[in-house]
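What follows is a single structure, written as structure tokens, with notes after it.
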Amino acid sequence: MPRITFIAADGTRTDVQAANGLSLMQAAVNNTVPGIVAECGGACSCATCHVHVQPDWYSRLPAPEGMEKEMLEFVMEPQPTSRLSCQIKLSDGMDGLVVHTPKSQY
Amino acid sequence: MKGTCVIVGASHAAAQLGPSLRESGWEGRIIMIGDEPHLPYHRPPLSKEFLAGRKQLADIRIRPEAAYRKAGIEFLLGRRVTAIDRERKRVRIEGEDDLPYDVLALTIGSRARRVDLPGTGLPGVHYLRNISDVDAIRPGIRSGAEAVIVGGGYIGLETAAVLRAAGMRVTVVEMMDRVMQRVTAPDVSAFYTRVHREEGVDIRCNIGVAGFEGHGRVEAVRCSDGTCLPADLVIIGVGIVPNTELARAAGLKVENGIVVDDFARTSDAGIVAAGDCTWHQSAVYDRWLRLESVQNAVDQARAAAGTLCGKPARYDALPWFWSDQYDLKLQIAGLSQGYDEAVTRGDRDHGRSFAAIYLKAGRVIAVDAVNRPPEFMIGKKLITGGHIVDRVRLADAAVAMRDLLTAAK
Ligand SMILES: Cc1cc2nc3c(=O)[nH]c(=O)nc-3n(C[C@H](O)[C@H](O)[C@H](O)COP(=O)(O)OP(=O)(O)OC[C@H]3O[C@@H](n4cnc5c(N)ncnc54)[C@H](O)[C@@H]3O)c2cc1C
Ligand code: FES
């Protein structure tokens, strides 16, 4: 059950705990974290689940692939640590993960 | 904001509206009434991973029960609202006492269009809109058995892909001269027809259905050209009808959907509506329309929440849609109706990646992108920016979409 912190554009922190195997997006939606709309429900088609991963965490996550990688090139407010949260599958190793939600998603 | 907000319908629009109301400061009760026995769930997987059995009910719930509980959102599920009494501000619920409201939201969506043909009542003939439909369809999915899909729209084609992957022999019968005729350019239809045929689906266009035959359950589909297709399973996907009866009977203004303004307000200032059931003016396309998409349900519901909380925000988002078939991820930005030219990128006749960019008077108005995220993502920017693009370079897949955006005026 990793604990994750979402930090909104205005600095508001939301701490959530989520089961292994869920996506990071689902963990956010389950806890109604503002800024993660996730319109396509995880189909990797909308990019409304875009997050900026805290830099020290970025390299510890499995790297983005295929469709996600391509989508990330064109998201609003891109950063080197941008990810689509629906493509990140949570595991125990992610306990303490911190991500930021971009301003354009409010 | 205090008082009771009653939300009728418990699906995509409602699942956004409830939490958005709280976010925007609604302090009173929020009660959601839905006639399906389920918490709001993602409908798109019903013709995709859920139909295929790769996802279960728990996987497609939009939010878990705890999230609603925490937000103080109450549910009356498996209950149907039969009337709205605007004078006394109450909704009538079948088999229950009337429920008073201070403000009301209609997120009652749409239903599958029914066909009136001999034999539609036979077991084995289905529509596909709700979980209960999929529950009825699933036992009929058997490798080697015959499936006939009536209607070559998104839902029909997605269903064809799932049933084919499950080993069924699949025929799609389409009345128009090509699949997805209502929403895409001929080249996109040709691309999809080719891929489905490569996958072994029999696509037949220009053919209507005259009826369904069988003894005790469906055995064949009789076509208008006299042919008879063997069928163990039939799925009819010929569009939807918005649920407007409730609003009409209550005297709200209804056209091809419940009429709402840019702030999701109906003709009654105390009632908002959002999602598939609304008829609204598109800010981007400057015309009245009804959309059938998750994007519309979600974004319009957010506008509705703002309106109810006295923080009106105009709904002017660009429409977008997606469709998954086999390994094809189709992303659609904008609405292509009324285009005067469709420029394509990629190879229509080979492979699995292709895009059509729809132009009107030189400006991009819509994009269909199959396995081509740059076309979709940059396409959205080209549309909202109202840019004039160089159509020769646009048609050259070697020119990056990003460069087209930079060069666009
Ligand atoms: C198989 C399928 C695949 C789809 N795929 C996609 C896709 O890939 N991408 C996409 O963007 N969109 C897709 N859609 C469309 C999308 O699901 C709809 O646009 C969306 O569900 C609209 O949400 P809504 O909340 O407006 O209405 P609905 O989802 O139609 O929900 C309305 C709810 O209200 C209930 N209701 C109606 N009247 C009453 C009443 N009087 N009392 C109580 N309850 C009532 C209904 O039973 C229903 O549960 C798909 C739809 C289907 C059926
Ligand atoms: S939820 Fe749509 S891309 Fe992640």
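Residues in the structure tokens are named by chain (A, B, ... in the order shown) and by number from 1 within that chain; ligands are numbered from 1 in the order shown.
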
Check: which chain B residues lie within 6 Å of chain A using only C-alpha atoms, as a PyMOL selection string: chain B and resi 63-64+67+373+377

Check the DSSP output for the backbone and give back, as a PyMOL selection string, the residues of chain A in strand (DSSP E). chain A and resi 3-7+13-17+50-53+82-84+97-100

Keeping C-alpha atoms, export the residues of the selection given above as a tab-separated table (two decimals), in the first residue's frame.
```tsv
chain	number	residue	atom	x	y	z
A	3	ARG	CA	1.59	6.34	0.14
A	4	ILE	CA	1.63	9.03	-2.52
A	5	THR	CA	1.56	12.80	-2.31
A	6	PHE	CA	-0.07	14.95	-4.98
A	7	ILE	CA	0.84	18.61	-4.94
A	13	ARG	CA	-0.96	18.66	-0.76
A	14	THR	CA	-3.13	15.57	-0.88
A	15	ASP	CA	-1.74	12.40	0.69
A	16	VAL	CA	-3.32	9.18	-0.45
A	17	GLN	CA	-2.73	5.52	0.13
A	50	HIS	CA	-0.55	14.40	-16.81
A	51	VAL	CA	1.71	14.87	-13.77
A	52	HIS	CA	5.19	16.16	-13.10
A	53	VAL	CA	7.04	13.59	-11.07
A	82	SER	CA	6.33	14.54	-17.18
A	83	ARG	CA	4.32	11.31	-17.04
A	84	LEU	CA	0.79	10.16	-17.79
A	97	LEU	CA	6.20	9.07	-4.31
A	98	VAL	CA	5.57	12.78	-4.84
A	99	VAL	CA	3.99	14.21	-8.01
A	100	HIS	CA	2.77	17.65	-9.03
```

Please, what distance in Å, to one decimal, runs between CA of Arg314 (chain B) and atom 29 (O, counted along the ligand's line) of ligand 1? 22.1 Å

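Put simply, CA of Trp26 (chain B) is 28.3 Å away from CA of Glu245 (chain B).
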
Could the residues of region 278-314 of chain B that have an atom at most 10 Å from region 94-115 of chain B be listed as a tab-separated table, each with its closest atom pair and the distance in Å to one decimal, counting only C-alpha atoms and ordered by chain and ascending residue number?
```
residue	atom	partner	partner_atom	distance
B:Thr278	CA	B:Gly109	CA	8.1
B:Glu292	CA	B:Ser110	CA	8.5
B:Ala297	CA	B:Thr107	CA	8.3
B:Ala301	CA	B:Thr107	CA	8.3
B:Ala304	CA	B:Ala105	CA	8.0
B:Ala305	CA	B:Ala105	CA	9.1
B:Leu308	CA	B:Val103	CA	7.6
```

Where does chain B meet ligand 2 within 12 Å, residue by residue, with the nearest atom pair and distance in Å to one decimal for each, counting only C-alpha atoms and all ligand atoms, listed by chain and rising number, as CSV?
```
residue,atom,partner,partner_atom_place_in_ligand_line,distance
B:His42,CA,ligand 2,1 (S),11.7
B:Ile62,CA,ligand 2,1 (S),11.3
B:Val294,CA,ligand 2,2 (Fe),11.0
B:Gln295,CA,ligand 2,2 (Fe),10.5
B:Trp320,CA,ligand 2,2 (Fe),11.7
B:Phe321,CA,ligand 2,2 (Fe),10.9
B:Trp322,CA,ligand 2,2 (Fe),10.0
B:Lys329,CA,ligand 2,3 (S),11.8
B:Gln331,CA,ligand 2,3 (S),11.1
B:Pro373,CA,ligand 2,3 (S),11.2
B:Met377,CA,ligand 2,3 (S),11.8
```

Using only N, CA, C and O atoms, please write the residues we just selected to a file, as a CSV table (one decimal), in the first residue's frame.
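Writing done, so here's again07.csv:
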```csv
chain,number,residue,atom,x,y,z
B,42,HIS,N,-17.4,3.6,-16.2
B,42,HIS,CA,-16.9,4.0,-17.5
B,42,HIS,C,-17.6,3.2,-18.5
B,42,HIS,O,-17.6,1.9,-18.5
B,62,ILE,N,-16.0,4.5,-12.0
B,62,ILE,CA,-15.3,5.7,-12.1
B,62,ILE,C,-14.6,6.1,-10.8
B,62,ILE,O,-13.5,6.5,-10.9
B,294,VAL,N,-17.5,11.2,-23.6
B,294,VAL,CA,-17.1,11.3,-22.3
B,294,VAL,C,-16.6,12.8,-22.0
B,294,VAL,O,-16.9,13.4,-21.0
B,295,GLN,N,-15.8,13.3,-23.0
B,295,GLN,CA,-15.3,14.6,-22.8
B,295,GLN,C,-16.4,15.6,-22.6
B,295,GLN,O,-16.4,16.5,-21.7
B,320,TRP,N,-13.5,16.1,-28.1
B,320,TRP,CA,-12.5,15.0,-28.6
B,320,TRP,C,-13.1,13.7,-28.2
B,320,TRP,O,-14.0,13.6,-27.4
B,321,PHE,N,-12.6,12.7,-28.8
B,321,PHE,CA,-13.2,11.3,-28.7
B,321,PHE,C,-12.1,10.3,-29.0
B,321,PHE,O,-11.1,10.6,-29.6
B,322,TRP,N,-12.3,9.1,-28.5
B,322,TRP,CA,-11.3,8.1,-28.9
B,322,TRP,C,-12.0,6.7,-29.2
B,322,TRP,O,-13.2,6.6,-28.9
B,329,LYS,N,-5.3,2.7,-32.0
B,329,LYS,CA,-5.8,3.7,-31.1
B,329,LYS,C,-6.2,5.0,-31.9
B,329,LYS,O,-5.3,5.7,-32.3
B,331,GLN,N,-7.6,8.6,-32.1
B,331,GLN,CA,-7.9,9.8,-31.3
B,331,GLN,C,-8.5,10.8,-32.3
B,331,GLN,O,-7.9,11.1,-33.3
B,373,PRO,N,-0.1,10.0,-32.2
B,373,PRO,CA,-0.4,11.1,-31.2
B,373,PRO,C,0.1,12.5,-31.6
B,373,PRO,O,-0.6,13.4,-31.2
B,377,MET,N,-2.4,15.6,-30.9
B,377,MET,CA,-2.0,16.6,-29.9
B,377,MET,C,-1.8,18.0,-30.6
B,377,MET,O,-2.2,19.0,-30.1
```

Around ligand 1, which protein and nucleic acid residues have at least one atom no more than 6 Å from it, if we count only C-alpha atoms and all ligand atoms? List them as a ChimeraX atom specification. /B:8-14,33-36,43-44,46-47,79-82,107-110,128-129,155,275-276,292-295,297,321-323

I need the chosen residues saved as a PDB file, in the first residue's frame, with C-alpha atoms.
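Listed below is the output, selection.pdb:
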```pdb
ATOM      1  CA  VAL B   8     -30.879  12.490 -11.971  1.00  0.00           C
ATOM      2  CA  GLY B   9     -28.791   9.906 -13.831  1.00  0.00           C
ATOM      3  CA  ALA B  10     -25.625   8.375 -12.388  1.00  0.00           C
ATOM      4  CA  SER B  11     -23.009   8.013 -15.094  1.00  0.00           C
ATOM      5  CA  HIS B  12     -20.084  10.012 -16.516  1.00  0.00           C
ATOM      6  CA  ALA B  13     -21.643  13.455 -16.213  1.00  0.00           C
ATOM      7  CA  ALA B  14     -22.995  12.795 -12.724  1.00  0.00           C
ATOM      8  CA  ILE B  33     -30.526   8.943  -8.517  1.00  0.00           C
ATOM      9  CA  GLY B  34     -29.728   6.335 -11.160  1.00  0.00           C
ATOM     10  CA  ASP B  35     -31.888   3.632 -12.644  1.00  0.00           C
ATOM     11  CA  GLU B  36     -28.987   1.251 -13.174  1.00  0.00           C
ATOM     12  CA  ARG B  43     -19.100   3.167 -20.446  1.00  0.00           C
ATOM     13  CA  PRO B  44     -16.415   3.070 -23.194  1.00  0.00           C
ATOM     14  CA  LEU B  46     -18.290  -1.908 -22.560  1.00  0.00           C
ATOM     15  CA  SER B  47     -17.335  -2.350 -26.206  1.00  0.00           C
ATOM     16  CA  ARG B  79     -34.475   3.924  -8.893  1.00  0.00           C
ATOM     17  CA  ARG B  80     -36.115   5.695 -11.756  1.00  0.00           C
ATOM     18  CA  VAL B  81     -37.306   9.289 -11.777  1.00  0.00           C
ATOM     19  CA  THR B  82     -40.648   9.425 -13.535  1.00  0.00           C
ATOM     20  CA  THR B 107     -27.519  13.923 -16.476  1.00  0.00           C
ATOM     21  CA  ILE B 108     -29.846  11.342 -17.973  1.00  0.00           C
ATOM     22  CA  GLY B 109     -27.774  10.607 -21.060  1.00  0.00           C
ATOM     23  CA  SER B 110     -29.012   8.622 -23.986  1.00  0.00           C
ATOM     24  CA  LEU B 128     -24.956  -2.439 -26.315  1.00  0.00           C
ATOM     25  CA  ARG B 129     -25.298   0.458 -23.911  1.00  0.00           C
ATOM     26  CA  ILE B 155     -19.416   0.752 -31.206  1.00  0.00           C
ATOM     27  CA  GLY B 275     -23.797  15.145 -21.125  1.00  0.00           C
ATOM     28  CA  ASP B 276     -25.341  13.093 -23.901  1.00  0.00           C
ATOM     29  CA  GLU B 292     -21.962  11.732 -27.464  1.00  0.00           C
ATOM     30  CA  SER B 293     -18.670  11.602 -25.657  1.00  0.00           C
ATOM     31  CA  VAL B 294     -17.081  11.339 -22.255  1.00  0.00           C
ATOM     32  CA  GLN B 295     -15.289  14.642 -22.823  1.00  0.00           C
ATOM     33  CA  ALA B 297     -20.152  14.758 -20.263  1.00  0.00           C
ATOM     34  CA  PHE B 321     -13.182  11.333 -28.726  1.00  0.00           C
ATOM     35  CA  TRP B 322     -11.313   8.061 -28.906  1.00  0.00           C
ATOM     36  CA  SER B 323     -11.899   4.550 -30.160  1.00  0.00           C
TER      37      SER B 323
END
```
